[in-house]
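What's in entry_20.csv: CSV, C-alpha atoms and all ligand atoms
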chain,number,residue,atom,x,y,z
Y,15,MET,CA,0.0,0.0,0.0
Y,16,HIS,CA,2.9,2.4,0.6
Y,17,ASN,CA,4.5,1.7,-2.8
Y,18,ALA,CA,1.1,2.3,-4.4
Y,19,ALA,CA,0.9,5.6,-2.5
Y,20,PHE,CA,4.4,6.6,-3.5
Y,21,ASN,CA,3.6,5.8,-7.2
Y,22,ALA,CA,0.4,7.7,-7.1
Y,23,LEU,CA,2.0,10.9,-5.8
Y,24,GLY,CA,5.2,10.5,-8.0
Y,25,ILE,CA,7.4,10.1,-4.9
Y,26,ASP,CA,10.7,8.4,-5.6
Y,27,ALA,CA,10.8,6.0,-2.7
Y,28,LEU,CA,10.5,2.3,-1.9
Y,29,TYR,CA,8.9,0.5,1.0
Y,30,THR,CA,10.4,-3.0,1.7
Y,31,ALA,CA,9.8,-5.6,4.4
Y,32,ARG,CA,12.6,-7.0,6.4
Y,33,ASP,CA,12.5,-9.9,8.8
Y,34,VAL,CA,14.8,-8.8,11.7
Y,35,ALA,CA,16.1,-11.3,14.3
Y,36,PRO,CA,16.3,-9.7,17.8
Y,37,GLU,CA,20.1,-10.0,17.8
Y,38,ASP,CA,20.2,-7.9,14.6
Y,39,LEU,CA,18.0,-5.1,15.9
Y,40,THR,CA,20.9,-2.8,16.9
Y,41,GLN,CA,22.5,-3.0,13.5
Y,42,VAL,CA,19.2,-2.5,11.6
Y,43,ILE,CA,18.3,0.6,13.7
Y,44,LYS,CA,21.7,2.1,13.0
Y,45,ALA,CA,21.1,1.6,9.3
Y,46,LEU,CA,17.9,3.7,9.6
Y,47,ARG,CA,20.0,6.8,10.3
Y,48,ALA,CA,21.4,6.8,6.8
Y,49,PRO,CA,20.5,10.0,4.8
Y,50,ASP,CA,18.5,8.1,2.1
Y,51,VAL,CA,16.2,6.4,4.7
Y,52,TRP,CA,13.0,8.3,5.7
Y,53,GLY,CA,12.0,5.8,8.4
Y,54,ALA,CA,10.4,2.5,9.1
Y,55,ASN,CA,7.5,0.7,10.5
Y,56,VAL,CA,8.1,-1.7,13.3
Y,57,THR,CA,5.9,-4.7,14.1
Y,58,VAL,CA,5.8,-7.8,16.3
Y,59,PRO,CA,8.0,-8.6,18.2
Y,60,HIS,CA,10.1,-5.4,18.2
Y,61,LYS,CA,7.5,-2.7,18.9
Y,62,ARG,CA,8.6,-2.3,22.6
Y,63,ALA,CA,12.3,-3.2,22.2
Y,64,VAL,CA,12.9,-0.3,19.7
Y,65,LEU,CA,11.8,2.4,22.3
Y,66,ALA,CA,15.3,2.2,23.9
Y,67,PHE,CA,17.0,3.0,20.6
Y,68,MET,CA,15.0,6.2,19.8
Y,69,ASP,CA,16.5,9.7,20.3
Y,70,ASP,CA,13.0,11.1,21.0
Y,71,LEU,CA,9.5,9.7,21.4
Y,72,SER,CA,6.0,11.1,20.8
Y,73,ASP,CA,3.7,11.3,23.8
Y,74,ALA,CA,1.6,8.4,22.3
Y,75,ALA,CA,4.6,6.2,21.9
Y,76,LYS,CA,5.7,6.9,25.5
Y,77,ARG,CA,2.3,6.3,27.0
Y,78,ILE,CA,1.5,3.2,24.9
Y,79,GLY,CA,5.0,1.9,25.5
Y,80,ALA,CA,5.5,0.9,21.8
Y,81,VAL,CA,6.8,2.3,18.6
Y,82,ASN,CA,5.3,1.3,15.3
Y,83,THR,CA,6.7,4.2,13.2
Y,84,ILE,CA,10.3,5.6,13.1
Y,85,VAL,CA,11.0,8.9,11.4
Y,86,ASN,CA,14.7,9.6,10.4
Y,87,LYS,CA,15.3,13.3,10.8
Y,88,ASN,CA,18.9,13.8,9.6
Y,89,GLY,CA,20.2,10.9,11.5
Y,90,TYR,CA,18.0,11.6,14.6
Y,91,LEU,CA,15.4,8.9,15.2
Y,92,TYR,CA,12.0,9.9,16.3
Y,93,GLY,CA,9.7,7.1,17.6
Y,94,ASP,CA,5.9,7.4,17.2
Y,95,ASN,CA,2.8,5.2,17.4
Y,96,THR,CA,0.2,5.6,14.7
Y,97,ASP,CA,-1.9,2.6,15.7
Y,98,ALA,CA,-3.9,4.7,18.1
Y,99,PRO,CA,-4.7,7.6,15.7
Y,100,GLY,CA,-5.2,5.0,12.9
Y,101,TYR,CA,-7.8,3.1,15.0
Y,102,LEU,CA,-9.6,6.4,15.8
Y,103,ARG,CA,-9.7,7.3,12.1
Y,104,ALA,CA,-11.1,3.8,11.3
Y,105,LEU,CA,-13.9,4.3,13.8
Y,106,ALA,CA,-14.6,7.8,12.6
Y,107,ASP,CA,-15.0,6.3,9.1
Y,108,ALA,CA,-17.8,4.2,10.6
Y,109,ASN,CA,-19.4,7.3,12.2
Y,110,ILE,CA,-18.8,6.0,15.7
Y,111,THR,CA,-19.2,8.5,18.5
Y,112,LEU,CA,-16.7,7.6,21.2
Y,113,LYS,CA,-17.4,10.4,23.6
Y,114,ASP,CA,-19.4,8.9,26.5
Y,115,ALA,CA,-19.5,5.5,24.9
Y,116,ASP,CA,-19.5,2.3,27.0
Y,117,ALA,CA,-16.8,0.1,25.4
Y,118,VAL,CA,-15.8,-3.5,25.9
Y,119,LEU,CA,-12.4,-4.6,24.7
Y,120,LEU,CA,-11.6,-8.3,24.3
Y,121,GLY,CA,-7.8,-9.0,24.6
Y,122,ALA,CA,-4.9,-7.4,26.5
Y,123,GLY,CA,-2.0,-8.0,24.2
Y,124,GLY,CA,0.2,-5.6,22.2
Y,125,ALA,CA,-2.6,-4.2,19.9
Y,126,ALA,CA,-4.8,-3.7,22.9
Y,127,ARG,CA,-2.4,-1.1,24.4
Y,128,ALA,CA,-2.8,1.3,21.5
Y,129,ILE,CA,-6.6,0.8,21.5
Y,130,VAL,CA,-6.9,1.5,25.2
Y,131,TYR,CA,-4.9,4.7,24.8
Y,132,ALA,CA,-7.0,5.7,21.8
Y,133,LEU,CA,-10.3,5.1,23.4
Y,134,LEU,CA,-9.5,6.8,26.7
Y,135,THR,CA,-8.0,9.9,25.0
Y,136,ALA,CA,-11.2,10.0,22.9
Y,137,GLY,CA,-13.3,10.3,26.0
Y,138,VAL,CA,-15.2,7.0,26.3
Y,139,LYS,CA,-17.4,6.9,29.4
Y,140,ARG,CA,-16.2,3.4,30.5
Y,141,LEU,CA,-13.7,0.9,29.0
Y,142,SER,CA,-13.9,-2.7,30.3
Y,143,ILE,CA,-11.1,-5.1,29.3
Y,144,HIS,CA,-11.7,-8.9,29.3
Y,145,ASN,CA,-8.9,-11.3,28.6
Y,146,ARG,CA,-8.2,-15.0,28.7
Y,147,THR,CA,-5.4,-14.3,31.2
Y,148,PRO,CA,-7.2,-11.9,33.7
Y,149,GLU,CA,-4.0,-10.7,35.3
Y,150,LYS,CA,-3.0,-9.1,32.0
Y,151,ALA,CA,-6.4,-7.2,31.7
Y,152,GLN,CA,-5.9,-6.0,35.3
Y,153,ALA,CA,-2.4,-4.8,34.6
Y,154,LEU,CA,-3.4,-3.0,31.5
Y,155,ALA,CA,-6.3,-1.3,33.2
Y,156,THR,CA,-4.1,-0.2,36.1
Y,157,GLU,CA,-1.4,1.1,33.8
Y,158,PHE,CA,-3.9,3.3,31.9
Y,159,SER,CA,-6.1,4.3,34.8
Y,160,THR,CA,-4.9,7.9,34.9
Y,161,LEU,CA,-6.3,8.4,31.4
Y,162,GLY,CA,-9.9,7.6,32.2
Y,163,ASN,CA,-12.4,5.1,33.5
Y,164,VAL,CA,-10.9,1.7,32.6
Y,165,GLN,CA,-11.4,-1.5,34.4
Y,166,ALA,CA,-10.7,-5.2,34.1
Y,167,LEU,CA,-13.8,-7.2,33.4
Y,168,PRO,CA,-14.2,-10.5,35.4
Y,169,ASP,CA,-15.8,-13.5,33.6
Y,170,GLU,CA,-19.0,-13.2,35.6
Y,171,GLU,CA,-19.6,-9.7,34.4
Y,172,LEU,CA,-18.9,-10.3,30.8
Y,173,THR,CA,-22.5,-11.1,29.7
Y,174,PRO,CA,-24.2,-8.0,31.0
Y,175,ARG,CA,-21.4,-5.7,30.0
Y,176,VAL,CA,-21.3,-7.0,26.4
Y,177,HIS,CA,-25.1,-6.8,26.2
Y,178,GLY,CA,-25.1,-3.1,27.1
Y,179,ALA,CA,-21.9,-2.1,25.2
Y,180,ASP,CA,-22.1,0.7,22.6
Y,181,LEU,CA,-18.8,-0.6,21.2
Y,182,LEU,CA,-17.3,-4.1,21.3
Y,183,ILE,CA,-13.8,-4.6,20.1
Y,184,ASN,CA,-11.9,-7.8,19.5
Y,185,SER,CA,-8.2,-7.4,19.8
Y,186,THR,CA,-7.5,-11.1,20.5
Y,187,SER,CA,-6.1,-13.3,17.7
Y,188,LEU,CA,-9.2,-15.4,17.8
Y,189,GLY,CA,-10.9,-15.4,14.3
Y,190,MET,CA,-7.6,-14.8,12.5
Y,191,SER,CA,-6.7,-17.0,9.6
Y,192,GLY,CA,-4.9,-20.2,10.6
Y,193,LEU,CA,-5.3,-22.0,13.9
Y,194,HIS,CA,-8.1,-19.8,15.3
Y,195,GLU,CA,-10.1,-18.9,12.2
Y,196,HIS,CA,-13.3,-20.7,13.1
Y,197,LEU,CA,-13.4,-19.3,16.7
Y,198,SER,CA,-15.1,-16.3,18.1
Y,199,PRO,CA,-13.7,-14.5,21.2
Y,200,LEU,CA,-17.2,-14.6,22.7
Y,201,PRO,CA,-19.4,-17.5,23.9
Y,202,ALA,CA,-22.1,-18.6,21.4
Y,203,GLY,CA,-25.0,-16.2,21.3
Y,204,LEU,CA,-23.3,-13.4,23.3
Y,205,LEU,CA,-23.3,-10.0,21.4
Y,206,PRO,CA,-24.2,-6.4,22.2
Y,207,TYR,CA,-28.0,-5.7,22.0
Y,208,ASN,CA,-27.3,-2.6,19.9
Y,209,GLY,CA,-23.6,-1.8,19.9
Y,210,PHE,CA,-21.1,-1.5,17.0
Y,211,VAL,CA,-18.7,-4.5,16.6
Y,212,SER,CA,-15.1,-3.8,15.7
Y,213,ASP,CA,-12.7,-6.7,15.0
Y,214,ILE,CA,-9.1,-5.6,14.4
Y,215,VAL,CA,-8.4,-8.9,12.6
Y,216,TYR,CA,-8.2,-8.3,8.9
Y,217,VAL,CA,-7.5,-11.8,7.5
Y,218,PRO,CA,-10.1,-13.2,6.9
Y,219,ALA,CA,-12.1,-10.1,6.0
Y,220,ARG,CA,-15.2,-11.5,7.8
Y,221,THR,CA,-14.3,-13.3,11.1
Y,222,LYS,CA,-16.7,-15.5,12.9
Y,223,LEU,CA,-17.4,-12.6,15.3
Y,224,LEU,CA,-18.3,-10.3,12.5
Y,225,LYS,CA,-20.5,-12.9,10.7
Y,226,ASP,CA,-22.4,-13.5,14.0
Y,227,ALA,CA,-22.8,-9.8,14.6
Y,228,THR,CA,-24.1,-9.2,11.0
Y,229,LEU,CA,-26.6,-12.0,11.4
Y,230,GLN,CA,-27.9,-10.2,14.5
Y,231,GLY,CA,-28.3,-7.0,12.5
Y,232,LEU,CA,-25.3,-5.2,14.1
Y,233,ALA,CA,-23.1,-2.8,12.3
Y,234,THR,CA,-19.5,-4.0,12.0
Y,235,GLN,CA,-16.0,-3.1,10.9
Y,236,ASN,CA,-13.0,-5.4,10.3
Y,237,GLY,CA,-9.3,-4.5,10.9
Y,238,LEU,CA,-8.5,-3.3,7.4
Y,239,PRO,CA,-9.4,0.4,8.0
Y,240,MET,CA,-7.1,0.4,11.1
Y,241,LEU,CA,-4.3,-1.1,9.1
Y,242,ILE,CA,-4.7,1.4,6.3
Y,243,TYR,CA,-5.1,4.5,8.6
Y,244,GLN,CA,-2.1,3.6,10.8
Y,245,GLY,CA,-0.1,3.3,7.5
Y,246,ALA,CA,-1.5,6.6,6.2
Y,247,GLU,CA,-0.5,8.3,9.4
Y,248,SER,CA,3.1,6.9,9.0
Y,249,PHE,CA,3.1,7.9,5.4
Y,250,THR,CA,2.4,11.5,6.3
Y,251,ARG,CA,5.1,11.5,9.0
Y,252,TRP,CA,7.7,10.4,6.5
Y,253,THR,CA,6.7,12.4,3.5
Y,254,GLY,CA,4.8,15.5,4.9
Y,255,GLN,CA,2.0,14.7,2.5
Y,256,ASN,CA,-1.5,13.5,2.9
Y,257,ALA,CA,-1.8,9.8,2.0
Y,258,PRO,CA,-3.9,8.8,-0.9
Y,259,ILE,CA,-6.3,6.6,1.2
Y,260,PRO,CA,-8.4,5.0,-1.6
Y,261,ILE,CA,-5.3,3.9,-3.4
Y,262,MET,CA,-3.9,2.4,-0.2
Y,263,PHE,CA,-7.1,0.5,0.4
Y,264,SER,CA,-7.2,-0.8,-3.1
Y,265,ALA,CA,-3.5,-1.9,-3.0
Y,266,ALA,CA,-4.0,-3.6,0.4
Y,267,ARG,CA,-7.2,-5.4,-0.7
Y,268,THR,CA,-5.5,-6.7,-3.9
Y,269,ALA,CA,-2.5,-7.9,-1.9
Y,270,LEU,CA,-4.7,-9.6,0.7
Y,271,GLU,CA,-7.0,-11.2,-1.9
Y,272,SER,CA,-3.9,-12.7,-3.7
Y,273,ARG,CA,-2.7,-14.5,-0.6
Y,301,LIG,P1,-0.7,-10.5,21.1
Y,301,LIG,O1,0.1,-9.4,21.8
Y,301,LIG,O2,-0.1,-11.8,21.0
Y,301,LIG,O3,-2.0,-10.7,22.0
Y,301,LIG,C1,-2.9,-11.7,21.7
Y,301,LIG,C2,-4.2,-11.6,22.5
Y,301,LIG,O4,-5.1,-12.6,22.1
Y,301,LIG,C3,-4.0,-11.7,24.0
Y,301,LIG,O5,-5.0,-11.0,24.7
Y,301,LIG,C4,-4.3,-13.2,24.2
Y,301,LIG,O6,-4.7,-13.6,25.5
Y,301,LIG,C5,-5.4,-13.4,23.2
Y,301,LIG,N1,-5.5,-14.9,22.8
Y,301,LIG,C6,-4.6,-15.5,22.0
Y,301,LIG,N2,-5.0,-16.8,21.8
Y,301,LIG,C7,-6.2,-16.9,22.6
Y,301,LIG,C8,-7.1,-18.0,22.8
Y,301,LIG,N3,-6.9,-19.2,22.3
Y,301,LIG,N4,-8.2,-17.8,23.6
Y,301,LIG,C9,-8.4,-16.5,24.1
Y,301,LIG,N5,-7.6,-15.5,23.9
Y,301,LIG,C10,-6.5,-15.7,23.2
Y,301,LIG,O7,-1.2,-10.1,19.7
Y,301,LIG,P2,-1.5,-8.6,19.1
Y,301,LIG,O8,-0.3,-8.0,18.5
Y,301,LIG,O9,-2.2,-7.8,20.2
Y,301,LIG,O10,-2.5,-8.9,17.9
Y,301,LIG,C11,-3.8,-9.4,18.2
Y,301,LIG,C12,-4.6,-9.4,16.9
Y,301,LIG,O11,-4.8,-8.1,16.4
Y,301,LIG,C13,-3.9,-10.2,15.8
Y,301,LIG,O12,-5.0,-11.0,15.1
Y,301,LIG,C14,-3.4,-9.2,14.8
Y,301,LIG,O13,-3.3,-9.6,13.5
Y,301,LIG,C15,-4.4,-8.1,15.0
Y,301,LIG,N6,-3.8,-6.7,14.8
Y,301,LIG,C16,-4.4,-5.9,13.8
Y,301,LIG,C17,-4.0,-4.7,13.6
Y,301,LIG,C18,-4.6,-3.8,12.5
Y,301,LIG,O14,-4.0,-2.8,12.1
Y,301,LIG,N7,-5.8,-4.1,12.1
Y,301,LIG,C19,-2.9,-4.2,14.3
Y,301,LIG,C20,-2.3,-5.0,15.3
Y,301,LIG,C21,-2.8,-6.3,15.5
Y,301,LIG,P3,-3.6,-13.9,26.6
Y,301,LIG,O15,-3.1,-12.6,27.2
Y,301,LIG,O16,-4.4,-14.7,27.6
Y,301,LIG,O17,-2.5,-14.7,26.0
Using structure tokens, write down the structure that the file contains.
Ligand code: NAP
Amino acid sequence: MHNAAFNALGIDALYTARDVAPEDLTQVIKALRAPDVWGANVTVPHKRAVLAFMDDLSDAAKRIGAVNTIVNKNGYLYGDNTDAPGYLRALADANITLKDADAVLLGAGGAARAIVYALLTAGVKRLSIHNRTPEKAQALATEFSTLGNVQALPDEELTPRVHGADLLINSTSLGMSGLHEHLSPLPAGLLPYNGFVSDIVYVPARTKLLKDATLQGLATQNGLPMLIYQGAESFTRWTGQNAPIPIMFSAARTALESR
């Protein structure tokens, strides 16, 4: 999607993927300081490890504790996190009002951190986090408690809280292509009565959770808009230009369909 965007805007740049072993991280980060490198995206498992290599960090990267975008400013590396604004832009696309919303987040892994930050800074009324390993939900809620009303959700409160949710988000890997594709993160039949259902998984395009929600007449969104908008935010930080969003969507869809 980045190369399609560069082509569309006539920008002479190339985006390539690199598989980086943890022991090579120091060397790879050093190479990012070269004058012809604008920056990088960082993904699992390095999003937290790269924090220590940055010369400066955005507030979001500091608070989330993870960097997904590095900008090279004349050899000076600035670490940012575009997952949070990317997710907010995705929800805005679906006309979701976050202010005073009652939100339930399933999962407490790496992606959940950016989502918690995004939702609390957007002013949700209450954010309840449920996770297979409850201690991780509790730790996440405690860590972000200064930003708003966020709490870990015990199993026995899951049903009423999901029923009443304005927004339900899946940030677990359940539903993702591969081992967990046929699974929903929620027990059979449990969905919000009226809320919006957001699944950040983007392969497959329709997870079991989203299919169940659609059958119940609920509005849904998959993880593709979040992926595109975090990329668009990175693109702007590197180039100083607005990203050509429709072109990035189209390139990403084509790539995903050809998998
Ligand atoms: P992660 O850090 O490994 O976290 C995985 C989460 O899934 C944890 O909460 C984990 O619970 C839960 N989980 C895993 N297997 C489970 C199972 N069998 N039953 C119940 N819960 C289970 O992964 P991540 O980086 O947060 O990514 C999570 C998902 O989000 C992936 O599907 C990824 O592709 C997607 N994602 C999408 C975007 C986007 O732009 N759309 C961005 C980032 C990630 P425990 O804590 O109990 O292990």
Quiz item: Do you have the CA of Ala128 in chain Y-CA of Asp73 in chain Y distance handy?
Solution: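 CA of Ala128 in chain Y sits 12.1 Å away from CA of Asp73 in chain Y.
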All residues within 7 Å of ligand LIG 301 (chain Y) are required, counting all atoms listed in the file; please report them as a short mmCIF file (atom, residue, chain, number, x, y, z; two decimals) with C-alpha atoms, in the frame of the given file.
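Final output, saved to pocket04.cif:
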data_model
loop_
_atom_site.label_atom_id
_atom_site.label_comp_id
_atom_site.auth_asym_id
_atom_site.auth_seq_id
_atom_site.Cartn_x
_atom_site.Cartn_y
_atom_site.Cartn_z
CA VAL Y 58 5.80 -7.80 16.30
CA ASP Y 97 -1.90 2.60 15.70
CA GLY Y 121 -7.80 -9.00 24.60
CA ALA Y 122 -4.90 -7.40 26.50
CA GLY Y 123 -2.00 -8.00 24.20
CA GLY Y 124 0.20 -5.60 22.20
CA ALA Y 125 -2.60 -4.20 19.90
CA ALA Y 126 -4.80 -3.70 22.90
CA ASN Y 145 -8.90 -11.30 28.60
CA ARG Y 146 -8.20 -15.00 28.70
CA THR Y 147 -5.40 -14.30 31.20
CA LYS Y 150 -3.00 -9.10 32.00
CA SER Y 185 -8.20 -7.40 19.80
CA THR Y 186 -7.50 -11.10 20.50
CA SER Y 187 -6.10 -13.30 17.70
CA LEU Y 188 -9.20 -15.40 17.80
CA MET Y 190 -7.60 -14.80 12.50
CA PRO Y 199 -13.70 -14.50 21.20
CA ILE Y 214 -9.10 -5.60 14.40
CA VAL Y 215 -8.40 -8.90 12.60
CA TYR Y 216 -8.20 -8.30 8.90
CA GLY Y 237 -9.30 -4.50 10.90
CA LEU Y 238 -8.50 -3.30 7.40
CA MET Y 240 -7.10 0.40 11.10
CA LEU Y 241 -4.30 -1.10 9.10
CA GLN Y 244 -2.10 3.60 10.80
#
Quiz item: Quick one: residues within 9 Å of Leu232 in chain Y, only C-alpha atoms counted, chain neighbours fewer than 3 positions away excluded, as a ChimeraX atom specification?
Solution: /Y:205-211,224,226-229
Exercise. Provide the CA of Leu167 in chain Y to CA of Glu149 in chain Y distance in Å, to one decimal place.
Key: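 Computed distance, CA of Leu167 in chain Y to CA of Glu149 in chain Y, equals 10.6 Å.
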Self-check item: Residue among Y:Thr83, Y:Ser191, Y:Thr111, Y:Asn17 lying closest to Ser264 in chain Y, counting only C-alpha atoms
Solution: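 When distances to Ser264 in chain Y are compared using only C-alpha atoms, the smallest one comes from Y:Asn17.
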Exercise. Between Y:Ala155, Y:Met262, Y:Val64, Y:Ala117, single out the one closest to Lys139 in chain Y, counting all atoms listed in the file.
Key: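 The closest residue to Lys139 in chain Y is Y:Ala117.
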Self-check item: Distance in Å - CA of Glu247 in chain Y versus CA of Ile259 in chain Y
Solution: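 Result for CA of Glu247 in chain Y versus CA of Ile259 in chain Y: 10.2 Å, one decimal.
Each of Y:Gly189, Y:Gly89, Y:Pro99, Y:Gly162 was compared to Ala48 in chain Y using only C-alpha atoms, and Y:Gly89 turns out to be the nearest.
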Exercise. Quick one: everything within 12 Å of Arg175 in chain Y, counting only C-alpha atoms, minus sequence neighbours fewer than 5 positions away in the same chain. Send it as a PyMOL selection string.
Key: chain Y and resi 116-120+140-144+165-170+180-182+204-207+209
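For the set Y:Gly231, Y:Gly192, Y:Pro59, Y:Gly203, the residue with the smallest atom-to-atom gap to Val217 in chain Y is Y:Gly192, counting all atoms listed in the file.
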Quiz item: What lies within 12 Å of Pro36 in chain Y using only C-alpha atoms, ignoring chain neighbours under 3 positions off, as a PyMOL selection string?
Solution: chain Y and resi 33+39-43+58-64
Exercise. Write out as a PyMOL selection string each polymer residue whose atoms come within 12 Å of Leu46 in chain Y, counting only C-alpha atoms; drop sequence neighbours fewer than 6 positions from it.
Key: chain Y and resi 39-40+52-56+64+67-68+83-93
Quiz item: Quick one: residues within 7 Å of Asp94 in chain Y, all atoms listed in the file counted, chain neighbours fewer than 4 positions away excluded, as a list in words?
Solution: Leu71, Ser72, Ala74, Ala75, Val81, Asn82, Thr83 and Ile84 of chain Y
Quiz item: Counting all atoms listed in the file, which of Y:Pro49, Y:Gly245, Y:Pro201, Y:Pro260 gets nearest to His16 in chain Y?
Solution: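 For His16 in chain Y, the nearest of the given residues is Y:Gly245.
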Block slice range 104-120 of chain Y, N, CA and C atoms, emitted as a CSV table (one decimal), in the first residue's frame:
chain,number,residue,atom,x,y,z
Y,104,ALA,N,-10.3,5.0,11.8
Y,104,ALA,CA,-11.1,3.8,11.3
Y,104,ALA,C,-12.5,3.9,11.9
Y,105,LEU,N,-12.6,4.2,13.2
Y,105,LEU,CA,-13.9,4.3,13.8
Y,105,LEU,C,-14.7,5.5,13.4
Y,106,ALA,N,-13.9,6.6,13.1
Y,106,ALA,CA,-14.6,7.8,12.6
Y,106,ALA,C,-15.2,7.5,11.2
Y,107,ASP,N,-14.5,6.7,10.4
Y,107,ASP,CA,-15.0,6.3,9.1
Y,107,ASP,C,-16.4,5.7,9.2
Y,108,ALA,N,-16.6,4.9,10.3
Y,108,ALA,CA,-17.8,4.2,10.6
Y,108,ALA,C,-18.8,5.1,11.3
Y,109,ASN,N,-18.5,6.4,11.5
Y,109,ASN,CA,-19.4,7.3,12.2
Y,109,ASN,C,-19.7,6.9,13.6
Y,110,ILE,N,-18.7,6.3,14.3
Y,110,ILE,CA,-18.8,6.0,15.7
Y,110,ILE,C,-18.5,7.2,16.6
Y,111,THR,N,-19.4,7.4,17.5
Y,111,THR,CA,-19.2,8.5,18.5
Y,111,THR,C,-18.6,7.8,19.7
Y,112,LEU,N,-17.4,8.3,20.1
Y,112,LEU,CA,-16.7,7.6,21.2
Y,112,LEU,C,-17.0,8.4,22.5
Y,113,LYS,N,-17.2,9.7,22.4
Y,113,LYS,CA,-17.4,10.4,23.6
Y,113,LYS,C,-18.6,9.8,24.4
Y,114,ASP,N,-18.3,9.5,25.6
Y,114,ASP,CA,-19.4,8.9,26.5
Y,114,ASP,C,-19.9,7.5,26.1
Y,115,ALA,N,-19.1,6.8,25.3
Y,115,ALA,CA,-19.5,5.5,24.9
Y,115,ALA,C,-19.1,4.5,26.0
Y,116,ASP,N,-19.9,3.4,26.1
Y,116,ASP,CA,-19.5,2.3,27.0
Y,116,ASP,C,-18.9,1.2,26.1
Y,117,ALA,N,-17.6,1.0,26.3
Y,117,ALA,CA,-16.8,0.1,25.4
Y,117,ALA,C,-16.3,-1.1,26.1
Y,118,VAL,N,-16.3,-2.3,25.4
Y,118,VAL,CA,-15.8,-3.5,25.9
Y,118,VAL,C,-14.7,-4.0,25.0
Y,119,LEU,N,-13.5,-4.2,25.5
Y,119,LEU,CA,-12.4,-4.6,24.7
Y,119,LEU,C,-12.0,-6.0,25.1
Y,120,LEU,N,-12.0,-6.9,24.1
Y,120,LEU,CA,-11.6,-8.3,24.3
Y,120,LEU,C,-10.1,-8.4,24.0
